[in-house]
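So this one's entry_32.cif, mmCIF, C-alpha atoms:
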```
data_final
loop_
_atom_site.group_PDB
_atom_site.id
_atom_site.type_symbol
_atom_site.label_atom_id
_atom_site.label_comp_id
_atom_site.auth_asym_id
_atom_site.auth_seq_id
_atom_site.Cartn_x
_atom_site.Cartn_y
_atom_site.Cartn_z
ATOM 1 C CA PRO A 1 -14.647 -16.933 11.471
ATOM 2 C CA GLU A 2 -11.374 -17.614 9.677
ATOM 3 C CA ALA A 3 -12.939 -20.081 7.236
ATOM 4 C CA GLU A 4 -15.513 -17.492 6.204
ATOM 5 C CA GLU A 5 -12.837 -14.851 5.693
ATOM 6 C CA ALA A 6 -10.723 -17.254 3.629
ATOM 7 C CA GLY A 7 -13.748 -18.043 1.458
ATOM 8 C CA THR A 8 -14.496 -14.356 0.945
ATOM 9 C CA ILE A 9 -10.902 -13.664 -0.092
ATOM 10 C CA SER A 10 -10.876 -16.615 -2.494
ATOM 11 C CA ARG A 11 -14.190 -15.676 -4.131
ATOM 12 C CA SER A 12 -13.194 -12.031 -4.447
ATOM 13 C CA LEU A 13 -9.886 -12.831 -6.116
ATOM 14 C CA GLN A 14 -11.508 -15.335 -8.463
ATOM 15 C CA ARG A 15 -14.212 -12.900 -9.544
ATOM 16 C CA LEU A 16 -11.754 -10.081 -10.050
ATOM 17 C CA GLY A 17 -9.492 -12.437 -11.974
ATOM 18 C CA VAL A 18 -12.334 -13.243 -14.355
ATOM 19 C CA ALA A 19 -13.220 -9.568 -14.699
ATOM 20 C CA PHE A 20 -9.603 -8.758 -15.564
ATOM 21 C CA GLN A 21 -9.324 -11.613 -18.061
ATOM 22 C CA ASP A 22 -7.639 -14.172 -15.800
ATOM 23 C CA ASP A 23 -5.161 -11.621 -14.434
ATOM 24 C CA GLU A 24 -5.776 -12.321 -10.745
ATOM 25 C CA PRO A 25 -4.967 -9.293 -8.588
ATOM 26 C CA LYS A 26 -1.946 -9.332 -6.287
ATOM 27 C CA THR A 27 -2.874 -6.222 -4.273
ATOM 28 C CA TRP A 28 -5.518 -6.119 -1.544
ATOM 29 C CA LEU A 29 -7.471 -3.358 0.216
ATOM 30 C CA ALA A 30 -10.166 -4.636 2.558
ATOM 31 C CA PRO A 31 -13.519 -2.838 2.691
ATOM 32 C CA GLU A 32 -13.631 -0.331 5.565
ATOM 33 C CA PHE A 33 -10.250 -1.597 6.842
ATOM 34 C CA SER A 34 -11.882 -4.809 8.069
ATOM 35 C CA VAL A 35 -8.583 -6.562 8.788
ATOM 36 C CA THR A 36 -8.321 -9.396 11.330
ATOM 37 C CA ARG A 37 -5.251 -11.062 12.802
ATOM 38 C CA SER A 38 -5.690 -13.795 10.209
ATOM 39 C CA THR A 39 -5.987 -11.525 7.176
ATOM 40 C CA PRO A 40 -2.247 -11.210 6.267
ATOM 41 C CA ARG A 41 -1.714 -14.972 6.484
ATOM 42 C CA LEU A 42 -4.838 -15.768 4.457
ATOM 43 C CA LEU A 43 -3.918 -13.220 1.810
ATOM 44 C CA SER A 44 -0.383 -14.569 1.549
ATOM 45 C CA GLN A 45 -1.715 -18.101 1.157
ATOM 46 C CA ALA A 46 -4.051 -16.843 -1.586
ATOM 47 C CA GLY A 47 -1.144 -15.373 -3.559
ATOM 48 C CA VAL A 48 -1.583 -11.705 -2.648
ATOM 49 C CA GLU A 49 1.720 -9.811 -2.518
ATOM 50 C CA THR A 50 0.775 -6.258 -1.546
ATOM 51 C CA LEU A 51 -1.423 -4.981 1.281
ATOM 52 C CA LEU A 52 -2.904 -1.473 1.496
ATOM 53 C CA ASP A 53 -4.705 -1.815 4.818
ATOM 54 C CA PHE A 54 -2.237 -0.051 7.113
ATOM 55 C CA ASN A 55 -1.681 3.676 7.474
ATOM 56 C CA ASP A 56 1.080 3.718 10.082
ATOM 57 C CA ASP A 57 4.039 4.837 7.980
ATOM 58 C CA ASP A 58 5.047 6.828 4.908
ATOM 59 C CA ALA A 59 7.387 4.167 3.535
ATOM 60 C CA PRO A 60 6.696 0.599 2.372
ATOM 61 C CA PHE A 61 7.555 -2.201 4.770
ATOM 62 C CA GLU A 62 7.294 -5.973 4.856
ATOM 63 C CA LEU A 63 5.213 -8.265 6.997
ATOM 64 C CA VAL A 64 7.019 -11.588 7.092
ATOM 65 C CA ARG A 65 5.258 -14.746 8.222
ATOM 66 C CA GLU A 66 6.862 -16.881 10.887
ATOM 67 C CA LYS A 67 7.266 -20.586 10.209
ATOM 68 C CA GLU A 68 4.761 -22.831 11.888
ATOM 69 C CA THR A 69 7.245 -24.291 14.410
ATOM 70 C CA PRO A 70 6.033 -23.101 17.833
ATOM 71 C CA GLY A 71 8.356 -20.503 19.291
ATOM 72 C CA SER A 72 10.527 -20.335 16.190
ATOM 73 C CA ALA A 73 12.102 -16.985 15.379
ATOM 74 C CA SER A 74 12.900 -17.955 11.796
ATOM 75 C CA PHE A 75 10.936 -16.813 8.814
ATOM 76 C CA SER A 76 9.822 -18.217 5.494
ATOM 77 C CA SER A 77 11.472 -16.218 2.732
ATOM 78 C CA ASN A 78 8.614 -16.652 0.283
ATOM 79 C CA SER A 79 5.627 -15.696 2.425
ATOM 80 C CA SER A 80 5.999 -11.965 2.994
ATOM 81 C CA LEU A 81 3.565 -9.193 2.184
ATOM 82 C CA VAL A 82 4.704 -5.720 1.211
ATOM 83 C CA CYS A 83 2.612 -3.058 2.933
ATOM 84 C CA LEU A 84 2.124 0.245 1.167
ATOM 85 C CA PRO A 85 0.922 3.055 3.431
ATOM 86 C CA TYR A 86 -2.685 4.016 2.855
ATOM 87 C CA SER A 87 -2.755 7.822 2.947
ATOM 88 C CA ILE A 88 -6.097 8.071 4.697
ATOM 89 C CA GLU A 89 -5.632 11.763 5.471
ATOM 90 C CA VAL A 90 -5.917 12.595 1.769
ATOM 91 C CA SER A 91 -8.413 9.921 0.744
ATOM 92 C CA ALA A 92 -11.172 11.402 -1.378
ATOM 93 C CA ILE A 93 -13.891 9.389 0.317
ATOM 94 C CA TYR A 94 -13.125 10.901 3.736
ATOM 95 C CA SER A 95 -12.718 14.478 2.573
ATOM 96 C CA SER A 96 -15.398 17.102 3.228
ATOM 97 C CA LEU A 97 -13.604 19.629 1.019
ATOM 98 C CA GLY A 98 -14.922 20.884 -2.271
ATOM 99 C CA PRO A 99 -13.287 19.771 -5.548
ATOM 100 C CA ARG A 100 -10.815 22.659 -5.788
ATOM 101 C CA GLU A 101 -9.925 22.654 -2.094
ATOM 102 C CA TYR A 102 -9.401 18.899 -2.113
ATOM 103 C CA ALA A 103 -7.070 19.084 -5.115
ATOM 104 C CA VAL A 104 -5.048 21.823 -3.393
ATOM 105 C CA ALA A 105 -4.846 19.829 -0.144
ATOM 106 C CA LEU A 106 -3.678 16.701 -1.986
ATOM 107 C CA GLU A 107 -1.076 18.656 -3.930
ATOM 108 C CA SER A 108 0.239 20.286 -0.754
ATOM 109 C CA HIS A 109 0.447 16.897 0.963
ATOM 110 C CA ILE A 110 2.446 15.357 -1.883
ATOM 111 C CA LEU A 111 4.779 18.350 -2.255
ATOM 112 C CA GLN A 112 5.537 18.367 1.471
ATOM 113 C CA MET A 113 6.233 14.615 1.462
ATOM 114 C CA ALA A 114 8.508 15.084 -1.550
ATOM 115 C CA LYS A 115 10.348 17.911 0.236
ATOM 116 C CA GLU A 116 10.880 15.773 3.356
ATOM 117 C CA SER A 117 12.048 12.844 1.241
ATOM 118 C CA ARG A 118 14.561 15.026 -0.590
ATOM 119 C CA GLU A 119 15.925 16.422 2.683
ATOM 120 C CA SER A 120 16.137 13.095 4.502
ATOM 121 C CA GLY A 121 17.196 10.955 1.549
ATOM 122 C CA THR A 122 14.498 8.447 2.510
ATOM 123 C CA PRO A 123 11.866 7.790 -0.175
ATOM 124 C CA SER A 124 8.235 7.749 0.839
ATOM 125 C CA VAL A 125 4.940 6.780 -0.752
ATOM 126 C CA VAL A 126 1.587 8.500 -1.109
ATOM 127 C CA CYS A 127 -1.231 6.187 -2.152
ATOM 128 C CA MET A 128 -3.722 8.274 -4.071
ATOM 129 C CA THR A 129 -7.098 6.677 -3.474
ATOM 130 C CA MET A 130 -9.728 7.961 -5.851
ATOM 131 C CA HIS A 131 -13.338 6.916 -5.424
ATOM 132 C CA VAL A 132 -15.550 7.358 -8.465
ATOM 133 C CA SER A 133 -18.414 8.714 -6.376
ATOM 134 C CA VAL A 134 -16.209 11.607 -5.265
ATOM 135 C CA ALA A 135 -13.230 12.069 -7.578
ATOM 136 C CA GLY A 136 -15.226 11.020 -10.641
ATOM 137 C CA THR A 137 -17.542 14.010 -10.657
ATOM 138 C CA PRO A 138 -16.873 16.527 -13.451
ATOM 139 C CA ALA A 139 -15.685 19.298 -11.132
ATOM 140 C CA SER A 140 -13.366 16.987 -9.211
ATOM 141 C CA ALA A 141 -11.956 15.421 -12.375
ATOM 142 C CA TYR A 142 -11.256 18.897 -13.769
ATOM 143 C CA GLU A 143 -9.410 20.107 -10.662
ATOM 144 C CA LEU A 144 -7.504 16.839 -10.144
ATOM 145 C CA GLU A 145 -6.289 16.774 -13.744
ATOM 146 C CA LYS A 146 -4.856 20.283 -13.399
ATOM 147 C CA MET A 147 -3.181 19.352 -10.121
ATOM 148 C CA LEU A 148 -1.651 16.149 -11.524
ATOM 149 C CA CYS A 149 -0.261 18.039 -14.515
ATOM 150 C CA ARG A 150 1.505 20.436 -12.135
ATOM 151 C CA LEU A 151 2.990 17.574 -10.132
ATOM 152 C CA GLU A 152 4.338 15.892 -13.260
ATOM 153 C CA SER A 153 6.863 18.727 -13.578
ATOM 154 C CA GLN A 154 8.456 17.876 -10.215
ATOM 155 C CA ASP A 155 11.723 15.999 -10.724
ATOM 156 C CA ASN A 156 11.658 14.134 -7.397
ATOM 157 C CA ILE A 157 8.121 12.785 -7.744
ATOM 158 C CA LYS A 158 7.756 9.488 -9.557
ATOM 159 C CA TRP A 159 4.554 7.651 -10.434
ATOM 160 C CA ALA A 160 4.146 3.912 -10.034
ATOM 161 C CA THR A 161 1.568 1.192 -9.512
ATOM 162 C CA ALA A 162 1.423 -0.838 -6.311
ATOM 163 C CA LYS A 163 2.968 -3.744 -8.225
ATOM 164 C CA GLU A 164 5.915 -1.610 -9.334
ATOM 165 C CA VAL A 165 6.566 -0.294 -5.825
ATOM 166 C CA THR A 166 6.404 -3.830 -4.421
ATOM 167 C CA GLY A 167 8.965 -4.942 -7.001
ATOM 168 C CA CYS A 168 11.302 -2.119 -5.970
ATOM 169 C CA VAL A 169 10.994 -3.045 -2.298
ATOM 170 C CA ARG A 170 11.786 -6.707 -2.931
ATOM 171 C CA LYS A 171 14.774 -5.915 -5.164
ATOM 172 C CA ARG A 172 16.174 -3.457 -2.634
ATOM 173 C CA ASP A 173 15.763 -5.910 0.243
ATOM 174 C CA ALA A 174 17.331 -8.736 -1.774
ATOM 175 C CA LYS A 175 20.410 -6.592 -2.409
ATOM 176 C CA MET A 176 20.700 -5.805 1.279
ATOM 177 C CA ALA A 177 20.487 -9.551 2.055
ATOM 178 C CA ARG A 178 19.838 -8.774 5.698
ATOM 179 C CA PRO A 179 18.815 -11.499 8.165
ATOM 180 C CA ARG A 180 15.164 -11.323 9.105
ATOM 181 C CA SER A 181 14.190 -11.410 12.742
ATOM 182 C CA PRO A 182 10.894 -10.748 14.488
ATOM 183 C CA GLU A 183 10.169 -7.405 16.079
ATOM 184 C CA VAL A 184 7.026 -8.568 17.821
ATOM 185 C CA ASP A 185 6.348 -11.453 20.156
ATOM 186 C CA GLY A 186 5.507 -14.922 18.922
ATOM 187 C CA THR A 187 1.758 -14.463 19.345
ATOM 188 C CA ASP A 188 1.567 -12.572 16.061
ATOM 189 C CA PRO A 189 2.021 -14.802 12.970
ATOM 190 C CA PHE A 190 3.400 -11.854 11.029
ATOM 191 C CA ALA A 191 6.203 -9.536 12.048
ATOM 192 C CA ARG A 192 7.100 -6.183 10.658
ATOM 193 C CA THR A 193 10.607 -5.716 9.330
ATOM 194 C CA ASN A 194 12.198 -2.338 8.796
ATOM 195 C CA SER A 195 12.280 -2.675 5.049
ATOM 196 C CA ALA A 196 14.235 -0.275 2.909
ATOM 197 C CA ALA A 197 11.769 1.921 1.108
ATOM 198 C CA ALA A 198 11.111 1.493 -2.572
ATOM 199 C CA GLN A 199 13.274 3.549 -4.872
ATOM 200 C CA VAL A 200 10.437 5.846 -5.742
ATOM 201 C CA SER A 201 9.510 9.121 -4.151
ATOM 202 C CA LYS A 202 5.796 8.954 -4.672
ATOM 203 C CA MET A 203 3.154 6.649 -6.069
#
```

Kindly transcribe the structure held in the file into structure tokens.
Amino acid sequence: PEAEEAGTISRSLQRLGVAFQDDEPKTWLAPEFSVTRSTPRLLSQAGVETLLDFNDDDAPFELVREKETPGSASFSSNSSLVCLPYSIEVSAIYSSLGPREYAVALESHILQMAKESRESGTPSVVCMTMHVSVAGTPASAYELEKMLCRLESQDNIKWATAKEVTGCVRKRDAKMARPRSPEVDGTDPFARTNSAAAQVSKM
């Protein structure tokens, strides 16, 4: 039920806010991708700005909430969520590879994405999701540290938090000052807009 989901979101944000000394989080990743049709709207109402629950693109995009007027094609300018692509194919929790093989696979993924971004001129994002139960083991930490040090020497790979990428997306879109229009029918309270990607090559 929507009320139950709203309560869960509110409690989670409050508890995390306390844990982080009243710095309430603005980025959300649902457990096991348990997203409903109501989730983006509830998160936006709760003050969340960035969503990590979609893995359908390599570049950030916006979900913009339609105004409540039935059938309206206009949008509220202050109720959008920036979606950062969750790179599930290189998520540590879903990998059956050993520590060294996983580090190599992740490095190859990032280098290929960086190569494609350089060639196309379109920045992309790789969300590196590290789970302590997997990436936190001594062998994994050792291999990942070596891999990250190698990537730091690449001039077209930049490192950023979700908050920083979201800020880049919003600044870029504000400069473009494009009109927003829905790309889905009116049954969906959120519509995807073809947002310009953040001015970073990788996260």

Problem set entry | For atom CA of Leu106 of chain A and atom CA of Arg150 of chain A, the interatomic separation in Å (one decimal) |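 So the answer is 12.0 Å.
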
Would you tabulate, counting all atoms listed in the file, all residues of segment 87-145 of chain A that have an atom at most 12 Å from an atom of segment 151-160 of chain A, showing the closest pair of atoms and their distance in Å to one decimal, sorted by chain then ascending number, as a Markdown table?
```
| residue | atom | partner | partner_atom | distance |
| --- | --- | --- | --- | --- |
| A:Ala103 | CA | A:Leu151 | CA | 11.3 |
| A:Val104 | CA | A:Leu151 | CA | 11.3 |
| A:Leu106 | CA | A:Leu151 | CA | 10.6 |
| A:Glu107 | CA | A:Leu151 | CA | 7.5 |
| A:Ser108 | CA | A:Leu151 | CA | 10.1 |
| A:His109 | CA | A:Leu151 | CA | 11.4 |
| A:Ile110 | CA | A:Ile157 | CA | 8.6 |
| A:Leu111 | CA | A:Leu151 | CA | 8.1 |
| A:Gln112 | CA | A:Ile157 | CA | 11.1 |
| A:Met113 | CA | A:Ile157 | CA | 9.6 |
| A:Ala114 | CA | A:Ile157 | CA | 6.6 |
| A:Lys115 | CA | A:Asn156 | CA | 8.6 |
| A:Glu116 | CA | A:Asn156 | CA | 10.9 |
| A:Ser117 | CA | A:Asn156 | CA | 8.7 |
| A:Arg118 | CA | A:Asn156 | CA | 7.5 |
| A:Glu119 | CA | A:Asn156 | CA | 11.2 |
| A:Gly121 | CA | A:Asn156 | CA | 11.0 |
| A:Thr122 | CA | A:Asn156 | CA | 11.8 |
| A:Pro123 | CA | A:Asn156 | CA | 9.6 |
| A:Ser124 | CA | A:Ile157 | CA | 10.0 |
| A:Val125 | CA | A:Lys158 | CA | 9.6 |
| A:Val126 | CA | A:Trp159 | CA | 9.8 |
| A:Cys127 | CA | A:Ala160 | CA | 9.8 |
| A:Met128 | CA | A:Trp159 | CA | 10.5 |
| A:Leu144 | CA | A:Leu151 | CA | 10.5 |
| A:Glu145 | CA | A:Leu151 | CA | 10.0 |
```

For this session: Spell out the residues picked by the PyMOL selection byres ((chain A and resi 53) around 6) here, as a PyMOL selection string.
Result: chain A and resi 29+33+51-52+54

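Closest approach to Gly7 of chain A among A:Leu42, A:Cys83, A:Val169, A:Ile88: A:Leu42, based on all atoms listed in the file.
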
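We find atom CA of Leu148 of chain A and atom CA of Glu24 of chain A to be spaced 28.8 Å apart.
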
Problem set entry | Residues matched by the PyMOL selection byres ((chain A and resi 5) around 10), written as a PyMOL selection string | chain A and resi 1-4+6-11+35-36+38-39+42-43

Restricted to C-alpha atoms, what would the selected residues look like written as a PDB file, in the coordinates of the input?
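Heads up, here's the output in part.pdb:
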```pdb
ATOM      1  CA  PRO A   1     -14.647 -16.933  11.471  1.00  0.00           C
ATOM      2  CA  GLU A   2     -11.374 -17.614   9.677  1.00  0.00           C
ATOM      3  CA  ALA A   3     -12.939 -20.081   7.236  1.00  0.00           C
ATOM      4  CA  GLU A   4     -15.513 -17.492   6.204  1.00  0.00           C
ATOM      5  CA  ALA A   6     -10.723 -17.254   3.629  1.00  0.00           C
ATOM      6  CA  GLY A   7     -13.748 -18.043   1.458  1.00  0.00           C
ATOM      7  CA  THR A   8     -14.496 -14.356   0.945  1.00  0.00           C
ATOM      8  CA  ILE A   9     -10.902 -13.664  -0.092  1.00  0.00           C
ATOM      9  CA  SER A  10     -10.876 -16.615  -2.494  1.00  0.00           C
ATOM     10  CA  ARG A  11     -14.190 -15.676  -4.131  1.00  0.00           C
ATOM     11  CA  VAL A  35      -8.583  -6.562   8.788  1.00  0.00           C
ATOM     12  CA  THR A  36      -8.321  -9.396  11.330  1.00  0.00           C
ATOM     13  CA  SER A  38      -5.690 -13.795  10.209  1.00  0.00           C
ATOM     14  CA  THR A  39      -5.987 -11.525   7.176  1.00  0.00           C
ATOM     15  CA  LEU A  42      -4.838 -15.768   4.457  1.00  0.00           C
ATOM     16  CA  LEU A  43      -3.918 -13.220   1.810  1.00  0.00           C
TER      17      LEU A  43
END
```

Problem set entry | Length of the atom CA of Glu164 of chain A to atom CA of Thr137 of chain A vector [Å] | 28.2 Å

Show which residues sit within 12 Å of Lys26 of chain A, as a PDB file with C-alpha atoms, in the frame of the given file. Count only C-alpha atoms, and ignore same-chain residues fewer than 3 positions away.
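Saved to result-v2.pdb:
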```pdb
ATOM      1  CA  ILE A   9     -10.902 -13.664  -0.092  1.00  0.00           C
ATOM      2  CA  SER A  12     -13.194 -12.031  -4.447  1.00  0.00           C
ATOM      3  CA  LEU A  13      -9.886 -12.831  -6.116  1.00  0.00           C
ATOM      4  CA  GLN A  14     -11.508 -15.335  -8.463  1.00  0.00           C
ATOM      5  CA  LEU A  16     -11.754 -10.081 -10.050  1.00  0.00           C
ATOM      6  CA  GLY A  17      -9.492 -12.437 -11.974  1.00  0.00           C
ATOM      7  CA  ASP A  23      -5.161 -11.621 -14.434  1.00  0.00           C
ATOM      8  CA  LEU A  29      -7.471  -3.358   0.216  1.00  0.00           C
ATOM      9  CA  LEU A  43      -3.918 -13.220   1.810  1.00  0.00           C
ATOM     10  CA  SER A  44      -0.383 -14.569   1.549  1.00  0.00           C
ATOM     11  CA  GLN A  45      -1.715 -18.101   1.157  1.00  0.00           C
ATOM     12  CA  ALA A  46      -4.051 -16.843  -1.586  1.00  0.00           C
ATOM     13  CA  GLY A  47      -1.144 -15.373  -3.559  1.00  0.00           C
ATOM     14  CA  VAL A  48      -1.583 -11.705  -2.648  1.00  0.00           C
ATOM     15  CA  GLU A  49       1.720  -9.811  -2.518  1.00  0.00           C
ATOM     16  CA  THR A  50       0.775  -6.258  -1.546  1.00  0.00           C
ATOM     17  CA  LEU A  51      -1.423  -4.981   1.281  1.00  0.00           C
ATOM     18  CA  LEU A  52      -2.904  -1.473   1.496  1.00  0.00           C
ATOM     19  CA  LEU A  81       3.565  -9.193   2.184  1.00  0.00           C
ATOM     20  CA  VAL A  82       4.704  -5.720   1.211  1.00  0.00           C
ATOM     21  CA  THR A 161       1.568   1.192  -9.512  1.00  0.00           C
ATOM     22  CA  ALA A 162       1.423  -0.838  -6.311  1.00  0.00           C
ATOM     23  CA  LYS A 163       2.968  -3.744  -8.225  1.00  0.00           C
ATOM     24  CA  GLU A 164       5.915  -1.610  -9.334  1.00  0.00           C
ATOM     25  CA  THR A 166       6.404  -3.830  -4.421  1.00  0.00           C
ATOM     26  CA  GLY A 167       8.965  -4.942  -7.001  1.00  0.00           C
TER      27      GLY A 167
END
```

Exercise. A:Gln21, A:Pro40, A:Trp28, A:Phe61: which is nearest Arg172 of chain A, counting all atoms listed in the file?
Worked result: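 Answer, going by the shortest atom-to-atom distance: A:Phe61.
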